[in-house]
Amino acid sequence: AWAALSCYGEPYTGKKVALDPYGEQKEYRSLLRSWNTTSNALLANCAGNHGAVIVLDELGKYRGKIQDIGPVIYSLSDGDDKDRMTKELKTVASESYDTTFISAGEFSLLEHCSDKSEGLQNRVFEINKRFTRSGTEADYIKAVCSKNNGWAAPMVAQFILDNGGLKYAKSIYRKHQK
């Protein structure tokens, strides 16, 4: 999970406060998130993310009943926050997202979910493999990823520029959209 996040940015837990390019203090959040949240907060925190992987860590901390996580998975895969109304009965605009989610946890998401529908099976791809042998090894991987992050974004941008820029990106999008 940390390796996937480190391709485009620094993986860390929590929030960081730093100066933006204009010298203003800004709060930054990593794309490493926790299942220890409400479904509403989880969906709202995805808003505006178009492409960068989001990692949901510690499935065992999910606040709801794991058997009832199916609707949350469907909501995440829809790419849009829930519709909401104001007190004046007007729809609140929600911001969309389209990304890939990686969920890391101590047990199988699908095995514990009561929803066994084909739709859910098509939205979740599970890899039931242990990637580290110890906590020390996992901590080492995290440290290396934190020190060596963000390397893929400039390479991808340069590749796109070298192959026609926006015209190339649009052609790839159209090809995969079909």
# chains A, B, ... in the order shown; residues from 1 in each chain; ligands from 1
call {"tool": "residues_around", "arguments": {"residues": "range 110-125 of chain A", "least_positions_apart": "2", "cutoff": "8 Å", "atoms": "only C-alpha atoms", "output": "list in words"}}
result
Ile66, Gln67, Asp68, Ile69, Gly70, Ile73, Tyr74, Ser77, Ser108 and Ile127 of chain A
call {"tool": "select_by_dssp", "arguments": {"residues": "range 91-130 of chain A", "states": "helix (DSSP H, G or I)", "output": "list in words"}}
result
Leu109, Leu110, Glu111, His112, Glu118, Gly119, Leu120, Gln121, Asn122 and Arg123 of chain A
call {"tool": "atom_distance", "arguments": {"atom1": "CA of Leu42 in chain A", "atom2": "CA of Ala104 in chain A"}}
result
15.1 Å
call {"tool": "residues_around", "arguments": {"residues": "Lys147 in chain A", "least_positions_apart": "2", "cutoff": "12 Å", "atoms": "only C-alpha atoms", "output": "list in words"}}
result
Trp2, Ala3, Ser6, Cys7, Gly9, Glu10, Pro11, Tyr12, Tyr140, Ile141, Lys142, Ala143, Val144, Cys145, Asn149, Gly150 and Trp151 of chain A
call {"tool": "write_last_selection", "arguments": {"atoms": "N, CA and C atoms", "output": "mmCIF file, in the first residue's frame"}}
result
data_model
loop_
_atom_site.group_PDB
_atom_site.id
_atom_site.type_symbol
_atom_site.label_atom_id
_atom_site.label_comp_id
_atom_site.auth_asym_id
_atom_site.auth_seq_id
_atom_site.Cartn_x
_atom_site.Cartn_y
_atom_site.Cartn_z
ATOM 1 N N TRP A 2 1.889 1.267 0.867
ATOM 2 C CA TRP A 2 2.773 2.428 0.930
ATOM 3 C C TRP A 2 3.535 2.607 -0.374
ATOM 4 N N ALA A 3 3.946 1.499 -1.001
ATOM 5 C CA ALA A 3 4.679 1.584 -2.261
ATOM 6 C C ALA A 3 3.807 2.189 -3.353
ATOM 7 N N SER A 6 3.549 5.940 -2.766
ATOM 8 C CA SER A 6 4.802 6.687 -2.897
ATOM 9 C C SER A 6 5.142 7.041 -4.339
ATOM 10 N N CYS A 7 4.488 6.410 -5.304
ATOM 11 C CA CYS A 7 4.753 6.735 -6.716
ATOM 12 C C CYS A 7 4.431 8.191 -7.022
ATOM 13 N N GLY A 9 3.211 10.587 -4.393
ATOM 14 C CA GLY A 9 3.283 11.504 -3.263
ATOM 15 C C GLY A 9 3.781 10.808 -2.020
ATOM 16 N N GLU A 10 3.914 11.587 -0.967
ATOM 17 C CA GLU A 10 4.437 11.040 0.277
ATOM 18 C C GLU A 10 3.330 10.349 1.076
ATOM 19 N N PRO A 11 3.528 9.074 1.379
ATOM 20 C CA PRO A 11 2.537 8.389 2.224
ATOM 21 C C PRO A 11 2.826 8.692 3.700
ATOM 22 N N TYR A 12 1.819 9.125 4.398
ATOM 23 C CA TYR A 12 1.948 9.360 5.835
ATOM 24 C C TYR A 12 0.559 9.296 6.437
ATOM 25 N N TYR A 140 10.467 -0.834 7.618
ATOM 26 C CA TYR A 140 11.549 -0.488 6.697
ATOM 27 C C TYR A 140 10.981 -0.059 5.338
ATOM 28 N N ILE A 141 10.011 -0.805 4.846
ATOM 29 C CA ILE A 141 9.376 -0.462 3.570
ATOM 30 C C ILE A 141 8.720 0.916 3.665
ATOM 31 N N LYS A 142 8.036 1.175 4.768
ATOM 32 C CA LYS A 142 7.396 2.477 4.966
ATOM 33 C C LYS A 142 8.427 3.600 4.965
ATOM 34 N N ALA A 143 9.561 3.384 5.640
ATOM 35 C CA ALA A 143 10.607 4.415 5.716
ATOM 36 C C ALA A 143 11.204 4.694 4.336
ATOM 37 N N VAL A 144 11.472 3.656 3.565
ATOM 38 C CA VAL A 144 12.031 3.826 2.213
ATOM 39 C C VAL A 144 11.032 4.555 1.317
ATOM 40 N N CYS A 145 9.772 4.185 1.392
ATOM 41 C CA CYS A 145 8.738 4.832 0.576
ATOM 42 C C CYS A 145 8.570 6.300 0.947
ATOM 43 N N ASN A 149 9.692 9.381 -2.543
ATOM 44 C CA ASN A 149 8.326 9.454 -3.058
ATOM 45 C C ASN A 149 8.188 10.483 -4.165
ATOM 46 N N GLY A 150 7.118 10.361 -4.902
ATOM 47 C CA GLY A 150 6.790 11.340 -5.924
ATOM 48 C C GLY A 150 7.550 11.192 -7.228
ATOM 49 N N TRP A 151 8.246 10.116 -7.409
ATOM 50 C CA TRP A 151 9.102 9.949 -8.582
ATOM 51 C C TRP A 151 8.331 9.654 -9.866
#
call {"tool": "closest_atom_pairs", "arguments": {"of": "range 55-92 of chain A", "to": "range 24-31 of chain A", "cutoff": "12 Å", "atoms": "only C-alpha atoms", "output": "Markdown table"}}
result
| residue | atom | partner | partner_atom | distance |
| --- | --- | --- | --- | --- |
| A:Val55 | CA | A:Leu31 | CA | 6.3 |
| A:Leu56 | CA | A:Leu31 | CA | 8.5 |
| A:Asp57 | CA | A:Leu31 | CA | 10.4 |
call {"tool": "write_last_selection", "arguments": {"atoms": "N, CA, C and O atoms", "output": "PDB file, in the first residue's frame"}}
result
ATOM      1  N   VAL A  55      -5.399   4.710  -0.387  1.00  0.00           N
ATOM      2  CA  VAL A  55      -5.257   3.492   0.402  1.00  0.00           C
ATOM      3  C   VAL A  55      -6.082   3.633   1.667  1.00  0.00           C
ATOM      4  O   VAL A  55      -5.939   4.607   2.410  1.00  0.00           O
ATOM      5  N   LEU A  56      -6.953   2.671   1.890  1.00  0.00           N
ATOM      6  CA  LEU A  56      -7.756   2.604   3.106  1.00  0.00           C
ATOM      7  C   LEU A  56      -7.122   1.527   3.982  1.00  0.00           C
ATOM      8  O   LEU A  56      -7.168   0.347   3.648  1.00  0.00           O
ATOM      9  N   ASP A  57      -6.526   1.942   5.071  1.00  0.00           N
ATOM     10  CA  ASP A  57      -5.760   1.034   5.916  1.00  0.00           C
ATOM     11  C   ASP A  57      -6.566   0.611   7.142  1.00  0.00           C
ATOM     12  O   ASP A  57      -7.481   1.306   7.562  1.00  0.00           O
TER      13      ASP A  57
END
call {"tool": "select_by_dssp", "arguments": {"residues": "range 60-132 of chain A", "states": "strand (DSSP E or B)", "output": "VMD selection string"}}
result
chain A and resid 80 84 to 85 91 to 92 96 98 101 to 103
call {"tool": "write_last_selection", "arguments": {"atoms": "N, CA and C atoms", "output": "compact mmCIF listing (two decimals), in the first residue's frame"}}
result
# COMPACT_ATOMS: atom_id res chain seq x y z
N ASP A 80 -18.88 9.35 -6.66
CA ASP A 80 -19.58 10.58 -6.32
C ASP A 80 -20.08 10.48 -4.88
N ARG A 84 -27.17 15.32 -0.92
CA ARG A 84 -27.65 15.85 0.36
C ARG A 84 -28.52 17.07 0.10
N MET A 85 -29.38 17.38 1.07
CA MET A 85 -30.26 18.53 0.97
C MET A 85 -29.93 19.51 2.10
N THR A 91 -30.53 21.00 -3.20
CA THR A 91 -29.49 19.98 -3.31
C THR A 91 -28.12 20.63 -3.12
N VAL A 92 -27.30 19.99 -2.31
CA VAL A 92 -25.93 20.44 -2.10
C VAL A 92 -25.07 19.80 -3.19
N SER A 96 -17.13 15.08 -7.54
CA SER A 96 -16.88 13.71 -7.96
C SER A 96 -15.43 13.31 -7.77
N ASP A 98 -12.64 9.92 -9.33
CA ASP A 98 -12.48 8.64 -10.01
C ASP A 98 -11.06 8.17 -9.75
N PHE A 101 -9.01 2.32 -5.26
CA PHE A 101 -8.85 2.18 -3.83
C PHE A 101 -8.12 0.89 -3.53
N ILE A 102 -7.17 0.97 -2.63
CA ILE A 102 -6.51 -0.23 -2.11
C ILE A 102 -6.90 -0.31 -0.65
N SER A 103 -7.44 -1.43 -0.26
CA SER A 103 -7.82 -1.63 1.14
C SER A 103 -6.87 -2.65 1.75
call {"tool": "atom_distance", "arguments": {"atom1": "CA of Leu76 in chain A", "atom2": "CA of Glu58 in chain A"}}
result
16.8 Å
call {"tool": "atom_distance", "arguments": {"atom1": "CA of Val17 in chain A", "atom2": "CA of Ser34 in chain A"}}
result
19.1 Å
call {"tool": "residues_around", "arguments": {"residues": "range 47-51 of chain A", "least_positions_apart": "3", "cutoff": "9 Å", "atoms": "only C-alpha atoms", "output": "list in words"}}
result
Leu43, Ala44, Ile54, Gly79, Asp80, Asp81, Ser94, Glu95, Ser96, Tyr97, Asp98, Thr99 and Thr100 of chain A
call {"tool": "residues_around", "arguments": {"residues": "Arg63 in chain A", "least_positions_apart": "3", "cutoff": "8 Å", "atoms": "only C-alpha atoms", "output": "PDB file with C-alpha atoms, in the first residue's frame"}}
result
ATOM      1  CA  TRP A  35     -11.279   2.701   7.682  1.00  0.00           C
ATOM      2  CA  ASN A  36     -11.732   4.232  11.156  1.00  0.00           C
ATOM      3  CA  THR A  37     -14.211   6.815   9.884  1.00  0.00           C
ATOM      4  CA  THR A  38     -17.848   7.185   8.994  1.00  0.00           C
TER       5      THR A  38
END
call {"tool": "decode", "arguments": {"residues": "range 67-90 of chain A", "atoms": "N, CA, C and O atoms", "output": "mmCIF file, in the first residue's frame"}}
result
data_model
loop_
_atom_site.group_PDB
_atom_site.id
_atom_site.type_symbol
_atom_site.label_atom_id
_atom_site.label_comp_id
_atom_site.auth_asym_id
_atom_site.auth_seq_id
_atom_site.Cartn_x
_atom_site.Cartn_y
_atom_site.Cartn_z
ATOM 1 N N GLN A 67 -20.103 -6.869 7.962
ATOM 2 C CA GLN A 67 -21.070 -7.581 7.114
ATOM 3 C C GLN A 67 -21.889 -6.599 6.270
ATOM 4 O O GLN A 67 -22.421 -6.961 5.235
ATOM 5 N N ASP A 68 -21.996 -5.347 6.736
ATOM 6 C CA ASP A 68 -22.814 -4.340 6.063
ATOM 7 C C ASP A 68 -21.992 -3.358 5.227
ATOM 8 O O ASP A 68 -22.456 -2.270 4.907
ATOM 9 N N ILE A 69 -20.779 -3.730 4.853
ATOM 10 C CA ILE A 69 -19.887 -2.808 4.143
ATOM 11 C C ILE A 69 -20.196 -2.729 2.646
ATOM 12 O O ILE A 69 -19.706 -1.844 1.949
ATOM 13 N N GLY A 70 -21.038 -3.610 2.135
ATOM 14 C CA GLY A 70 -21.388 -3.613 0.708
ATOM 15 C C GLY A 70 -21.819 -2.253 0.178
ATOM 16 O O GLY A 70 -21.291 -1.791 -0.848
ATOM 17 N N PRO A 71 -22.786 -1.576 0.815
ATOM 18 C CA PRO A 71 -23.200 -0.260 0.316
ATOM 19 C C PRO A 71 -22.061 0.765 0.289
ATOM 20 O O PRO A 71 -22.035 1.629 -0.585
ATOM 21 N N VAL A 72 -21.125 0.660 1.218
ATOM 22 C CA VAL A 72 -19.975 1.576 1.225
ATOM 23 C C VAL A 72 -19.111 1.318 -0.005
ATOM 24 O O VAL A 72 -18.659 2.251 -0.677
ATOM 25 N N ILE A 73 -18.905 0.055 -0.331
ATOM 26 C CA ILE A 73 -18.108 -0.296 -1.513
ATOM 27 C C ILE A 73 -18.797 0.213 -2.779
ATOM 28 O O ILE A 73 -18.153 0.785 -3.663
ATOM 29 N N TYR A 74 -20.113 0.024 -2.873
ATOM 30 C CA TYR A 74 -20.850 0.539 -4.026
ATOM 31 C C TYR A 74 -20.709 2.069 -4.110
ATOM 32 O O TYR A 74 -20.499 2.621 -5.187
ATOM 33 N N SER A 75 -20.825 2.757 -2.987
ATOM 34 C CA SER A 75 -20.699 4.219 -2.977
ATOM 35 C C SER A 75 -19.311 4.657 -3.427
ATOM 36 O O SER A 75 -19.174 5.599 -4.214
ATOM 37 N N LEU A 76 -18.279 3.978 -2.930
ATOM 38 C CA LEU A 76 -16.911 4.320 -3.338
ATOM 39 C C LEU A 76 -16.726 4.119 -4.839
ATOM 40 O O LEU A 76 -16.107 4.935 -5.511
ATOM 41 N N SER A 77 -17.278 3.050 -5.370
ATOM 42 C CA SER A 77 -17.099 2.755 -6.796
ATOM 43 C C SER A 77 -17.937 3.661 -7.692
ATOM 44 O O SER A 77 -17.649 3.791 -8.882
ATOM 45 N N ASP A 78 -18.961 4.317 -7.153
ATOM 46 C CA ASP A 78 -19.785 5.235 -7.944
ATOM 47 C C ASP A 78 -19.022 6.501 -8.331
ATOM 48 O O ASP A 78 -19.365 7.150 -9.314
ATOM 49 N N GLY A 79 -18.030 6.878 -7.535
ATOM 50 C CA GLY A 79 -17.234 8.057 -7.859
ATOM 51 C C GLY A 79 -17.906 9.373 -7.550
ATOM 52 O O GLY A 79 -17.562 10.403 -8.120
ATOM 53 N N ASP A 80 -18.879 9.353 -6.658
ATOM 54 C CA ASP A 80 -19.584 10.584 -6.317
ATOM 55 C C ASP A 80 -20.085 10.475 -4.881
ATOM 56 O O ASP A 80 -20.509 9.409 -4.447
ATOM 57 N N ASP A 81 -20.026 11.584 -4.177
ATOM 58 C CA ASP A 81 -20.512 11.619 -2.802
ATOM 59 C C ASP A 81 -22.028 11.472 -2.787
ATOM 60 O O ASP A 81 -22.697 11.629 -3.809
ATOM 61 N N LYS A 82 -22.579 11.187 -1.633
ATOM 62 C CA LYS A 82 -24.031 11.059 -1.497
ATOM 63 C C LYS A 82 -24.703 12.398 -1.763
ATOM 64 O O LYS A 82 -24.160 13.452 -1.453
ATOM 65 N N ASP A 83 -25.904 12.359 -2.331
ATOM 66 C CA ASP A 83 -26.686 13.578 -2.501
ATOM 67 C C ASP A 83 -27.219 14.007 -1.137
ATOM 68 O O ASP A 83 -27.639 13.179 -0.335
ATOM 69 N N ARG A 84 -27.174 15.319 -0.915
ATOM 70 C CA ARG A 84 -27.649 15.853 0.361
ATOM 71 C C ARG A 84 -28.522 17.070 0.096
ATOM 72 O O ARG A 84 -28.413 17.709 -0.941
ATOM 73 N N MET A 85 -29.379 17.379 1.074
ATOM 74 C CA MET A 85 -30.257 18.535 0.972
ATOM 75 C C MET A 85 -29.931 19.514 2.096
ATOM 76 O O MET A 85 -29.533 19.121 3.182
ATOM 77 N N THR A 86 -30.135 20.801 1.821
ATOM 78 C CA THR A 86 -29.989 21.828 2.841
ATOM 79 C C THR A 86 -31.303 21.944 3.606
ATOM 80 O O THR A 86 -32.305 21.328 3.233
ATOM 81 N N LYS A 87 -31.300 22.766 4.626
ATOM 82 C CA LYS A 87 -32.535 23.005 5.386
ATOM 83 C C LYS A 87 -33.609 23.641 4.505
ATOM 84 O O LYS A 87 -34.791 23.503 4.754
ATOM 85 N N GLU A 88 -33.161 24.356 3.453
ATOM 86 C CA GLU A 88 -34.089 25.007 2.529
ATOM 87 C C GLU A 88 -34.525 24.060 1.413
ATOM 88 O O GLU A 88 -35.104 24.482 0.416
ATOM 89 N N LEU A 89 -34.212 22.773 1.539
ATOM 90 C CA LEU A 89 -34.567 21.732 0.573
ATOM 91 C C LEU A 89 -33.950 21.957 -0.808
ATOM 92 O O LEU A 89 -34.566 21.705 -1.835
ATOM 93 N N LYS A 90 -32.716 22.424 -0.802
ATOM 94 C CA LYS A 90 -31.958 22.560 -2.047
ATOM 95 C C LYS A 90 -30.837 21.520 -2.032
ATOM 96 O O LYS A 90 -30.274 21.205 -0.991
#
